[in-house]
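Asker: Quick one, entry.cif (mmCIF, C-alpha atoms and all ligand atoms):
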data_structure
#
loop_
_atom_site.group_PDB
_atom_site.id
_atom_site.type_symbol
_atom_site.label_atom_id
_atom_site.label_comp_id
_atom_site.auth_asym_id
_atom_site.auth_seq_id
_atom_site.Cartn_x
_atom_site.Cartn_y
_atom_site.Cartn_z
ATOM 1 C CA MET A 1 0.261 22.705 -4.221
ATOM 2 C CA THR A 2 3.762 21.526 -5.086
ATOM 3 C CA THR A 3 5.863 19.590 -2.627
ATOM 4 C CA PRO A 4 9.572 20.450 -2.368
ATOM 5 C CA SER A 5 11.640 17.472 -3.436
ATOM 6 C CA LEU A 6 12.023 14.879 -0.719
ATOM 7 C CA PRO A 7 15.068 12.712 -0.064
ATOM 8 C CA LEU A 8 14.611 9.146 -1.208
ATOM 9 C CA PRO A 9 16.502 5.990 -0.277
ATOM 10 C CA ASP A 10 18.903 4.511 -2.798
ATOM 11 C CA LEU A 11 16.999 1.521 -4.173
ATOM 12 C CA ASP A 12 19.084 1.140 -7.312
ATOM 13 C CA GLY A 13 18.904 -2.487 -8.426
ATOM 14 C CA ALA A 14 16.026 -3.340 -6.060
ATOM 15 C CA THR A 15 12.890 -5.084 -7.315
ATOM 16 C CA THR A 16 9.636 -4.069 -5.672
ATOM 17 C CA LEU A 17 5.939 -4.794 -6.155
ATOM 18 C CA VAL A 18 2.989 -2.497 -5.507
ATOM 19 C CA ALA A 19 -0.369 -4.264 -5.281
ATOM 20 C CA GLY A 20 -2.973 -1.606 -6.087
ATOM 21 C CA GLY A 21 -0.296 0.400 -7.911
ATOM 22 C CA THR A 22 -2.846 1.654 -10.421
ATOM 23 C CA GLY A 23 -4.902 3.267 -7.627
ATOM 24 C CA ASN A 24 -4.937 6.615 -5.854
ATOM 25 C CA VAL A 25 -2.466 5.665 -3.135
ATOM 26 C CA GLY A 26 -0.575 3.123 -5.199
ATOM 27 C CA PHE A 27 0.436 5.739 -7.775
ATOM 28 C CA PHE A 28 2.498 7.651 -5.210
ATOM 29 C CA ALA A 29 4.183 4.468 -3.968
ATOM 30 C CA VAL A 30 5.048 3.463 -7.540
ATOM 31 C CA ASP A 31 6.331 6.934 -8.436
ATOM 32 C CA SER A 32 8.581 7.214 -5.352
ATOM 33 C CA LEU A 33 9.966 3.680 -5.661
ATOM 34 C CA LEU A 34 10.836 4.339 -9.309
ATOM 35 C CA ARG A 35 12.435 7.678 -8.419
ATOM 36 C CA ALA A 36 14.458 5.872 -5.744
ATOM 37 C CA GLY A 37 15.856 3.650 -8.494
ATOM 38 C CA ALA A 38 13.858 0.430 -8.011
ATOM 39 C CA ASP A 39 12.134 -1.654 -10.635
ATOM 40 C CA VAL A 40 8.415 -1.744 -9.796
ATOM 41 C CA LEU A 41 6.045 -4.573 -10.653
ATOM 42 C CA VAL A 42 2.345 -3.653 -10.668
ATOM 43 C CA PRO A 43 -0.362 -6.318 -10.894
ATOM 44 C CA THR A 44 -3.575 -5.080 -12.489
ATOM 45 C CA ARG A 45 -6.898 -6.302 -13.812
ATOM 46 C CA SER A 46 -7.076 -3.441 -16.294
ATOM 47 C CA ASN A 47 -4.840 -2.511 -19.229
ATOM 48 C CA ALA A 48 -6.471 0.916 -19.323
ATOM 49 C CA LYS A 49 -5.594 1.613 -15.668
ATOM 50 C CA PHE A 50 -2.031 0.422 -16.228
ATOM 51 C CA ASP A 51 -1.703 2.699 -19.264
ATOM 52 C CA ARG A 52 -2.994 5.628 -17.221
ATOM 53 C CA LEU A 53 -0.501 4.897 -14.438
ATOM 54 C CA ARG A 54 2.299 4.798 -16.995
ATOM 55 C CA SER A 55 1.223 8.094 -18.533
ATOM 56 C CA ARG A 56 1.299 9.832 -15.113
ATOM 57 C CA LEU A 57 4.967 8.907 -14.600
ATOM 58 C CA ALA A 58 7.939 10.904 -15.875
ATOM 59 C CA PRO A 59 9.095 9.379 -19.197
ATOM 60 C CA ASP A 60 12.512 8.411 -17.823
ATOM 61 C CA LEU A 61 10.867 6.256 -15.124
ATOM 62 C CA ARG A 62 8.577 4.253 -17.376
ATOM 63 C CA ASP A 63 11.077 1.605 -18.476
ATOM 64 C CA ARG A 64 11.357 0.271 -14.930
ATOM 65 C CA LEU A 65 7.570 -0.092 -14.506
ATOM 66 C CA ILE A 66 6.485 -3.663 -15.241
ATOM 67 C CA GLY A 67 2.840 -4.708 -15.469
ATOM 68 C CA LEU A 68 1.598 -8.132 -14.343
ATOM 69 C CA SER A 69 -1.833 -9.189 -15.525
ATOM 70 C CA GLY A 70 -4.544 -10.560 -13.202
ATOM 71 C CA ASP A 71 -6.615 -10.025 -10.047
ATOM 72 C CA VAL A 72 -4.261 -9.926 -7.092
ATOM 73 C CA GLY A 73 -7.252 -10.168 -4.732
ATOM 74 C CA THR A 74 -8.216 -13.809 -5.369
ATOM 75 C CA PRO A 75 -6.056 -16.743 -4.226
ATOM 76 C CA GLU A 76 -5.623 -18.570 -7.538
ATOM 77 C CA SER A 77 -4.999 -15.420 -9.554
ATOM 78 C CA ALA A 78 -2.607 -14.037 -6.909
ATOM 79 C CA ARG A 79 -0.588 -17.259 -7.140
ATOM 80 C CA GLY A 80 -0.438 -16.791 -10.929
ATOM 81 C CA ILE A 81 0.785 -13.224 -10.473
ATOM 82 C CA ALA A 82 3.370 -14.430 -7.955
ATOM 83 C CA GLU A 83 4.637 -16.852 -10.600
ATOM 84 C CA GLN A 84 4.888 -13.977 -13.105
ATOM 85 C CA ALA A 85 6.767 -11.932 -10.497
ATOM 86 C CA ARG A 86 9.119 -14.815 -9.677
ATOM 87 C CA ALA A 87 9.985 -15.134 -13.371
ATOM 88 C CA LYS A 88 10.976 -11.450 -13.493
ATOM 89 C CA THR A 89 13.119 -11.329 -10.364
ATOM 90 C CA PHE A 90 16.526 -12.702 -9.552
ATOM 91 C CA GLY A 91 16.554 -13.899 -5.972
ATOM 92 C CA GLY A 92 13.218 -12.412 -4.959
ATOM 93 C CA LEU A 93 11.579 -9.103 -4.141
ATOM 94 C CA ASP A 94 13.111 -6.400 -1.946
ATOM 95 C CA ALA A 95 9.866 -4.699 -0.957
ATOM 96 C CA VAL A 96 6.108 -5.079 -1.382
ATOM 97 C CA VAL A 97 3.508 -2.371 -0.767
ATOM 98 C CA SER A 98 -0.156 -3.370 -0.711
ATOM 99 C CA ALA A 99 -2.590 -0.509 -1.363
ATOM 100 C CA VAL A 100 -5.567 -2.471 -2.617
ATOM 101 C CA ALA A 101 -9.310 -2.142 -2.351
ATOM 102 C CA THR A 102 -11.183 1.048 -1.893
ATOM 103 C CA TRP A 103 -13.232 3.204 0.463
ATOM 104 C CA HIS A 104 -16.784 2.107 1.293
ATOM 105 C CA GLN A 105 -19.702 3.956 2.762
ATOM 106 C CA GLY A 106 -23.161 2.431 2.800
ATOM 107 C CA PRO A 107 -26.411 2.254 4.746
ATOM 108 C CA PRO A 108 -26.344 1.575 8.515
ATOM 109 C CA VAL A 109 -24.820 -1.807 9.286
ATOM 110 C CA LEU A 110 -27.924 -3.856 10.133
ATOM 111 C CA ALA A 111 -30.110 -2.077 7.579
ATOM 112 C CA GLY A 112 -27.524 -2.911 4.906
ATOM 113 C CA GLY A 113 -27.937 -6.605 5.636
ATOM 114 C CA PHE A 114 -25.603 -9.560 5.712
ATOM 115 C CA ASP A 115 -24.836 -9.700 1.994
ATOM 116 C CA ALA A 116 -23.585 -6.099 1.991
ATOM 117 C CA PHE A 117 -21.485 -6.748 5.107
ATOM 118 C CA ARG A 118 -20.015 -9.917 3.623
ATOM 119 C CA ASP A 119 -19.231 -8.081 0.389
ATOM 120 C CA VAL A 120 -17.218 -5.422 2.246
ATOM 121 C CA ILE A 121 -15.299 -7.982 4.308
ATOM 122 C CA GLU A 122 -14.626 -10.183 1.279
ATOM 123 C CA SER A 123 -13.540 -7.361 -1.009
ATOM 124 C CA ARG A 124 -11.604 -5.220 1.507
ATOM 125 C CA LEU A 125 -10.143 -7.668 4.020
ATOM 126 C CA TYR A 126 -9.604 -10.936 2.168
ATOM 127 C CA PRO A 127 -7.240 -9.387 -0.435
ATOM 128 C CA HIS A 128 -4.856 -8.479 2.385
ATOM 129 C CA PHE A 129 -4.609 -12.133 3.377
ATOM 130 C CA VAL A 130 -4.370 -13.344 -0.211
ATOM 131 C CA ILE A 131 -1.665 -10.857 -1.204
ATOM 132 C CA ALA A 132 0.414 -11.541 1.911
ATOM 133 C CA GLU A 133 0.097 -15.283 1.338
ATOM 134 C CA ALA A 134 1.279 -14.934 -2.273
ATOM 135 C CA PHE A 135 4.064 -12.354 -1.884
ATOM 136 C CA VAL A 136 5.603 -12.558 1.612
ATOM 137 C CA PRO A 137 7.341 -15.819 0.547
ATOM 138 C CA LEU A 138 8.825 -13.996 -2.472
ATOM 139 C CA LEU A 139 10.609 -11.417 -0.309
ATOM 140 C CA LYS A 140 14.361 -11.655 0.099
ATOM 141 C CA SER A 141 15.895 -11.880 3.536
ATOM 142 C CA GLY A 142 15.791 -8.342 4.936
ATOM 143 C CA GLY A 143 12.845 -7.426 2.701
ATOM 144 C CA SER A 144 9.873 -5.278 3.633
ATOM 145 C CA TYR A 145 6.100 -5.818 3.405
ATOM 146 C CA THR A 146 3.838 -2.808 3.976
ATOM 147 C CA THR A 147 0.054 -2.546 3.934
ATOM 148 C CA ILE A 148 -1.889 0.687 3.622
ATOM 149 C CA ASN A 149 -4.761 1.154 6.025
ATOM 150 C CA GLY A 150 -7.140 4.059 6.619
ATOM 151 C CA PRO A 151 -8.116 5.969 9.766
ATOM 152 C CA VAL A 152 -11.715 4.736 9.909
ATOM 153 C CA ALA A 153 -10.998 2.033 12.502
ATOM 154 C CA PHE A 154 -8.771 4.327 14.557
ATOM 155 C CA ALA A 155 -10.599 7.677 14.592
ATOM 156 C CA GLY A 156 -12.608 8.668 17.672
ATOM 157 C CA GLY A 157 -16.104 7.511 16.814
ATOM 158 C CA VAL A 158 -17.502 4.813 14.550
ATOM 159 C CA HIS A 159 -20.343 5.811 12.255
ATOM 160 C CA SER A 160 -23.014 3.283 11.319
ATOM 161 C CA SER A 161 -22.526 3.975 7.601
ATOM 162 C CA THR A 162 -18.830 3.135 7.777
ATOM 163 C CA GLY A 163 -19.234 0.204 10.200
ATOM 164 C CA PRO A 164 -18.362 -2.572 7.738
ATOM 165 C CA ILE A 165 -15.226 -0.840 6.416
ATOM 166 C CA ALA A 166 -14.211 0.021 9.997
ATOM 167 C CA ALA A 167 -14.526 -3.677 10.870
ATOM 168 C CA ALA A 168 -12.462 -4.637 7.800
ATOM 169 C CA SER A 169 -9.853 -2.005 8.622
ATOM 170 C CA ALA A 170 -9.491 -3.087 12.268
ATOM 171 C CA ALA A 171 -9.228 -6.707 11.165
ATOM 172 C CA GLN A 172 -6.619 -5.781 8.531
ATOM 173 C CA ASN A 173 -4.488 -4.216 11.244
ATOM 174 C CA ARG A 174 -4.659 -7.230 13.568
ATOM 175 C CA LEU A 175 -4.057 -9.568 10.617
ATOM 176 C CA MET A 176 -0.888 -7.724 9.594
ATOM 177 C CA LEU A 177 0.419 -7.622 13.165
ATOM 178 C CA ALA A 178 -0.176 -11.373 13.433
ATOM 179 C CA ILE A 179 1.716 -11.944 10.172
ATOM 180 C CA ALA A 180 4.482 -9.684 11.496
ATOM 181 C CA ASP A 181 4.719 -11.884 14.567
ATOM 182 C CA GLU A 182 4.875 -14.924 12.301
ATOM 183 C CA THR A 183 7.787 -13.588 10.211
ATOM 184 C CA GLY A 184 9.650 -12.442 13.318
ATOM 185 C CA GLY A 185 11.085 -9.452 11.463
ATOM 186 C CA ASP A 186 12.447 -11.171 8.366
ATOM 187 C CA PRO A 187 10.797 -9.962 6.275
ATOM 188 C CA ARG A 188 9.692 -6.822 8.073
ATOM 189 C CA VAL A 189 5.904 -6.309 8.119
ATOM 190 C CA ASN A 190 4.187 -2.998 8.940
ATOM 191 C CA ASP A 191 0.691 -1.497 8.631
ATOM 192 C CA VAL A 192 0.602 2.212 7.696
ATOM 193 C CA VAL A 193 -2.564 4.063 8.696
ATOM 194 C CA MET A 194 -2.566 6.890 6.219
ATOM 195 C CA TRP A 195 -4.300 10.158 7.143
ATOM 196 C CA ALA A 196 -3.974 11.771 3.690
ATOM 197 C CA TYR A 197 -6.825 12.127 1.187
ATOM 198 C CA LEU A 198 -5.730 10.999 -2.245
ATOM 199 C CA GLY A 199 -7.849 10.846 -5.382
ATOM 200 C CA PRO A 200 -7.498 9.825 -9.023
ATOM 201 C CA ASN A 201 -5.831 13.125 -9.906
ATOM 202 C CA GLY A 202 -3.498 13.321 -6.931
ATOM 203 C CA THR A 203 -3.816 14.803 -3.449
ATOM 204 C CA ARG A 204 -7.357 15.935 -2.692
ATOM 205 C CA PRO A 205 -7.928 19.527 -1.552
ATOM 206 C CA GLY A 206 -7.828 19.863 2.228
ATOM 207 C CA SER A 207 -5.400 17.011 2.778
ATOM 208 C CA ASN A 208 -2.684 18.002 5.249
ATOM 209 C CA LEU A 209 -0.348 15.345 3.905
ATOM 210 C CA GLN A 210 0.610 15.296 0.205
ATOM 211 C CA GLY A 211 0.720 12.142 -1.895
ATOM 212 C CA GLU A 212 4.422 12.727 -2.637
ATOM 213 C CA GLU A 213 5.113 12.677 1.115
ATOM 214 C CA VAL A 214 3.227 9.409 1.473
ATOM 215 C CA GLY A 215 5.160 7.921 -1.451
ATOM 216 C CA ALA A 216 8.529 9.033 -0.090
ATOM 217 C CA PHE A 217 7.691 7.563 3.322
ATOM 218 C CA LEU A 218 6.692 4.235 1.750
ATOM 219 C CA ALA A 219 9.937 4.124 -0.258
ATOM 220 C CA TRP A 220 11.891 4.854 2.950
ATOM 221 C CA LEU A 221 10.034 2.074 4.772
ATOM 222 C CA GLY A 222 11.023 -0.326 2.004
ATOM 223 C CA GLY A 223 14.687 0.664 2.165
ATOM 224 C CA PRO A 224 17.735 -0.080 4.316
ATOM 225 C CA ASP A 225 17.349 2.880 6.701
ATOM 226 C CA ALA A 226 14.112 1.332 8.011
ATOM 227 C CA GLY A 227 15.856 -1.965 8.799
ATOM 228 C CA GLU A 228 14.721 -1.928 12.446
ATOM 229 C CA VAL A 229 11.104 -0.991 11.727
ATOM 230 C CA HIS A 230 8.923 -4.073 12.064
ATOM 231 C CA GLY A 231 5.555 -5.066 13.476
ATOM 232 C CA ARG A 232 4.407 -1.457 13.760
ATOM 233 C CA THR A 233 1.112 0.324 13.232
ATOM 234 C CA ILE A 234 2.382 3.618 11.847
ATOM 235 C CA HIS A 235 -0.046 6.534 11.808
ATOM 236 C CA LEU A 236 1.186 8.724 8.975
ATOM 237 C CA ARG A 237 -0.333 12.126 9.674
ATOM 238 C CA THR A 238 1.921 15.115 9.012
ATOM 239 C CA PRO A 239 4.516 16.454 6.580
ATOM 240 C CA ASP A 240 6.868 17.120 9.532
ATOM 241 C CA GLN A 241 6.652 13.499 10.592
ATOM 242 C CA VAL A 242 7.675 12.440 7.088
ATOM 243 C CA ARG A 243 10.536 14.956 6.894
ATOM 244 C CA ARG A 244 11.906 13.976 10.311
ATOM 245 C CA THR A 245 11.818 10.312 9.344
ATOM 246 C CA LEU A 246 13.488 10.832 5.973
ATOM 247 C CA ALA A 247 16.161 12.948 7.667
ATOM 248 C CA GLY A 248 16.881 10.090 10.096
ATOM 249 C CA THR A 249 15.561 11.977 13.144
ATOM 250 C CA PRO A 250 12.098 10.534 13.875
ATOM 251 C CA GLN A 251 10.498 11.555 17.175
ATOM 252 C CA THR A 252 8.843 9.183 19.621
ATOM 253 C CA GLY A 253 5.568 8.036 18.086
ATOM 254 C CA ASP A 254 6.504 8.910 14.488
ATOM 255 C CA LEU A 255 7.029 5.252 13.634
ATOM 256 C CA GLY A 256 4.269 3.728 15.768
HETATM 257 N N1 LIG B 301 -7.350 7.293 -1.089
HETATM 258 C C1 LIG B 301 -7.185 7.709 0.157
HETATM 259 O O1 LIG B 301 -7.173 8.925 0.452
HETATM 260 C C2 LIG B 301 -6.977 6.721 1.267
HETATM 261 C C3 LIG B 301 -6.797 7.185 2.571
HETATM 262 C C4 LIG B 301 -6.559 6.289 3.595
HETATM 263 C C5 LIG B 301 -6.503 4.932 3.315
HETATM 264 N N2 LIG B 301 -6.713 4.489 2.026
HETATM 265 C C6 LIG B 301 -6.668 3.061 1.784
HETATM 266 O O2 LIG B 301 -5.742 2.766 0.760
HETATM 267 C C7 LIG B 301 -6.202 1.660 -0.015
HETATM 268 C C8 LIG B 301 -6.207 2.056 -1.486
HETATM 269 O O3 LIG B 301 -7.106 3.151 -1.655
HETATM 270 P P1 LIG B 301 -7.208 3.901 -3.049
HETATM 271 O O4 LIG B 301 -7.960 5.157 -2.819
HETATM 272 O O5 LIG B 301 -5.868 3.970 -3.665
HETATM 273 O O6 LIG B 301 -8.134 2.887 -3.873
HETATM 274 P P2 LIG B 301 -8.244 2.744 -5.468
HETATM 275 O O7 LIG B 301 -7.849 4.009 -6.136
HETATM 276 O O8 LIG B 301 -9.585 2.171 -5.729
HETATM 277 O O9 LIG B 301 -7.129 1.671 -5.824
HETATM 278 C C9 LIG B 301 -7.222 0.378 -5.364
HETATM 279 C C10 LIG B 301 -6.453 -0.502 -6.300
HETATM 280 O O10 LIG B 301 -6.541 -1.851 -5.823
HETATM 281 C C11 LIG B 301 -6.376 -2.677 -6.921
HETATM 282 N N3 LIG B 301 -6.987 -3.991 -6.764
HETATM 283 C C12 LIG B 301 -6.409 -5.141 -7.150
HETATM 284 N N4 LIG B 301 -7.171 -6.187 -6.876
HETATM 285 C C13 LIG B 301 -8.274 -5.705 -6.311
HETATM 286 C C14 LIG B 301 -9.448 -6.330 -5.846
HETATM 287 N N5 LIG B 301 -9.623 -7.649 -5.886
HETATM 288 N N6 LIG B 301 -10.415 -5.538 -5.365
HETATM 289 C C15 LIG B 301 -10.255 -4.192 -5.305
HETATM 290 N N7 LIG B 301 -9.140 -3.555 -5.747
HETATM 291 C C16 LIG B 301 -8.164 -4.303 -6.249
HETATM 292 C C17 LIG B 301 -7.008 -1.965 -8.102
HETATM 293 O O11 LIG B 301 -6.145 -2.233 -9.208
HETATM 294 P P3 LIG B 301 -6.713 -2.734 -10.645
HETATM 295 O O12 LIG B 301 -8.101 -2.237 -10.748
HETATM 296 O O13 LIG B 301 -5.751 -2.116 -11.592
HETATM 297 O O14 LIG B 301 -6.602 -4.236 -10.599
HETATM 298 C C18 LIG B 301 -7.006 -0.510 -7.710
HETATM 299 O O15 LIG B 301 -6.194 0.282 -8.541
HETATM 300 C C19 LIG B 301 -7.579 1.302 0.539
HETATM 301 O O16 LIG B 301 -7.456 0.237 1.450
HETATM 302 C C20 LIG B 301 -8.012 2.558 1.252
HETATM 303 O O17 LIG B 301 -8.916 2.321 2.305
HETATM 304 C C21 LIG B 301 -6.937 5.355 1.014
#
Reformat the file's structure so that it appears as structure tokens.
Ligand SMILES: NC(=O)c1ccc[n+]([C@@H]2O[C@H](COP(=O)([O-])OP(=O)(O)OC[C@H]3O[C@@H](n4cnc5c(N)ncnc54)[C@H](OP(=O)(O)O)[C@@H]3O)[C@@H](O)[C@H]2O)c1

Answerer:
Amino acid sequence: MTTPSLPLPDLDGATTLVAGGTGNVGFFAVDSLLRAGADVLVPTRSNAKFDRLRSRLAPDLRDRLIGLSGDVGTPESARGIAEQARAKTFGGLDAVVSAVATWHQGPPVLAGGFDAFRDVIESRLYPHFVIAEAFVPLLKSGGSYTTINGPVAFAGGVHSSTGPIAAASAAQNRLMLAIADETGGDPRVNDVVMWAYLGPNGTRPGSNLQGEEVGAFLAWLGGPDAGEVHGRTIHLRTPDQVRRTLAGTPQTGDLG
């Protein structure tokens, strides 16, 4: 399915960073930010994944994609990546999107045991602290910090097999709202609960929301028209919600 072209903010001259930019969600954030005119820094542990990301982008966008080498999910390495980012920016970053870590489904919580639970919390929740700690200080005044979350902690029921990731996801949300309170709105900090299904080759069949719509929304959130949007948990569910927001006419509830 093709998505009609969506309006994008003017981010000409902006410098942005997408943690997890080589991933399923990150690709759409990177693509939209580049289309909006921004330079985009992408930390990665894998040259092959960076090369694949680059190859998925239109040729005229590739010059503004900048790779940074390392694991953004561990404190020391994230600090090293922040130093690389600082060296490539003049005056700091305009926007950061964090779309790291991945889905997890396992055995029932207690049957899975403590080590499995700790692994999920360490690999899915800790990176959100580490990345915020490294990159929030690099944001310019008026900048934007956005994390991607999933519906598992917010949907009606909680299934035993997704218990650990639901716990990580709920904790991610409270963590980001606490950091939002700490920044007081400068920079802006928001957690986007994304109800699309995105895979390595784009939007998965059956997803109501397209990856391009998610990307355009994330670019909007990083831009000047979202200047009042801070400290929100935004459930991104429908194409209409995205179109209303990009057109400057969001309805009550569209932005959390
Ligand atoms: N995909 C969906 O449909 C969907 C829906 C709702 C919510 N989400 C949420 O969105 C986030 C991203 O999902 P995704 O499907 O895009 O995952 P993904 O394809 O696995 O991408 C995750 C990216 O995170 C990066 N990363 C960097 N440091 C990491 C670390 N220490 N541990 C793990 N990953 C690290 C990886 O980059 P390198 O390997 O290049 O370093 C990887 O490309 C997750 O939190 C997920 O729950 C996804």

Asker: With the PyMOL selection byres (((chain A and resi 254) around 10) and not hetatm) as the selection, what would be picked from this file? Answer as a compact mmCIF listing (two decimals) with C-alpha atoms, keeping the file's coordinate frame, please.

Answerer:
# COMPACT_ATOMS: atom_id res chain seq x y z
CA ILE A 234 2.38 3.62 11.85
CA HIS A 235 -0.05 6.53 11.81
CA LEU A 236 1.19 8.72 8.98
CA ARG A 237 -0.33 12.13 9.67
CA THR A 238 1.92 15.12 9.01
CA ASP A 240 6.87 17.12 9.53
CA GLN A 241 6.65 13.50 10.59
CA VAL A 242 7.68 12.44 7.09
CA ARG A 244 11.91 13.98 10.31
CA THR A 245 11.82 10.31 9.34
CA THR A 249 15.56 11.98 13.14
CA PRO A 250 12.10 10.53 13.88
CA GLN A 251 10.50 11.56 17.18
CA THR A 252 8.84 9.18 19.62
CA GLY A 253 5.57 8.04 18.09
CA LEU A 255 7.03 5.25 13.63
CA GLY A 256 4.27 3.73 15.77

Asker: So which residues touch Leu246 (chain A) within 8 Å, counting only C-alpha atoms, skipping near sequence neighbours fewer than 4 positions away, as a list of chain:residue names?

Answerer: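 Those residues are A:Leu6, A:Pro7, A:Leu8, A:Phe217, A:Trp220, A:Val242.
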
Asker: Do you know which residues the PyMOL selection byres (((not hetatm)) within 7 of (chain B and resi 301)) returns on this file, as a PyMOL selection string?

Answerer: chain A and resi 19-26+43-46+49-50+71-74+99-103+123-124+127+148-151+193-200

Asker: From the list A:Leu53, A:Ala14, A:Ala48, A:Leu110, which residue is nearest Asn201 (chain A) when using only C-alpha atoms?

Answerer: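 Comparing A:Leu53, A:Ala14, A:Ala48, A:Leu110 against Asn201 (chain A), the winner is A:Leu53.
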
Asker: So the first atom is CA of Ile165 (chain A) and the second is CA of Asp191 (chain A); what is the distance between them in Å, to one decimal place?

Answerer: 16.1 Å

Asker: For region 243-255 of chain A, where the input has fewer atoms than it should, I would like N, CA and C atoms rebuilt and written as an mmCIF file, in the frame of the given file.

Answerer:
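Contents of the output file part_19.cif:
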data_model
loop_
_atom_site.group_PDB
_atom_site.id
_atom_site.type_symbol
_atom_site.label_atom_id
_atom_site.label_comp_id
_atom_site.auth_asym_id
_atom_site.auth_seq_id
_atom_site.Cartn_x
_atom_site.Cartn_y
_atom_site.Cartn_z
ATOM 1 N N ARG A 243 9.215 14.321 7.065
ATOM 2 C CA ARG A 243 10.536 14.956 6.894
ATOM 3 C C ARG A 243 11.512 14.511 7.978
ATOM 4 N N ARG A 244 11.024 14.440 9.227
ATOM 5 C CA ARG A 244 11.906 13.976 10.311
ATOM 6 C C ARG A 244 12.389 12.557 10.024
ATOM 7 N N THR A 245 11.460 11.718 9.582
ATOM 8 C CA THR A 245 11.818 10.312 9.344
ATOM 9 C C THR A 245 12.824 10.201 8.202
ATOM 10 N N LEU A 246 12.578 10.918 7.122
ATOM 11 C CA LEU A 246 13.488 10.832 5.973
ATOM 12 C C LEU A 246 14.863 11.409 6.317
ATOM 13 N N ALA A 247 14.880 12.354 7.259
ATOM 14 C CA ALA A 247 16.161 12.948 7.667
ATOM 15 C C ALA A 247 16.881 12.079 8.699
ATOM 16 N N GLY A 248 16.245 10.988 9.123
ATOM 17 C CA GLY A 248 16.881 10.090 10.096
ATOM 18 C C GLY A 248 16.720 10.542 11.528
ATOM 19 N N THR A 249 15.766 11.468 11.781
ATOM 20 C CA THR A 249 15.561 11.977 13.144
ATOM 21 C C THR A 249 14.096 11.863 13.563
ATOM 22 N N PRO A 250 13.501 10.657 13.469
ATOM 23 C CA PRO A 250 12.098 10.534 13.875
ATOM 24 C C PRO A 250 11.930 10.772 15.371
ATOM 25 N N GLN A 251 10.792 11.361 15.748
ATOM 26 C CA GLN A 251 10.498 11.555 17.175
ATOM 27 C C GLN A 251 9.726 10.350 17.693
ATOM 28 N N THR A 252 9.621 10.256 19.006
ATOM 29 C CA THR A 252 8.843 9.183 19.621
ATOM 30 C C THR A 252 7.421 9.227 19.054
ATOM 31 N N GLY A 253 6.931 8.114 18.616
ATOM 32 C CA GLY A 253 5.568 8.036 18.086
ATOM 33 C C GLY A 253 5.504 8.182 16.582
ATOM 34 N N ASP A 254 6.556 8.724 15.941
ATOM 35 C CA ASP A 254 6.504 8.910 14.488
ATOM 36 C C ASP A 254 6.392 7.576 13.755
ATOM 37 N N LEU A 255 7.004 6.547 14.332
ATOM 38 C CA LEU A 255 7.029 5.252 13.634
ATOM 39 C C LEU A 255 6.224 4.204 14.394
#
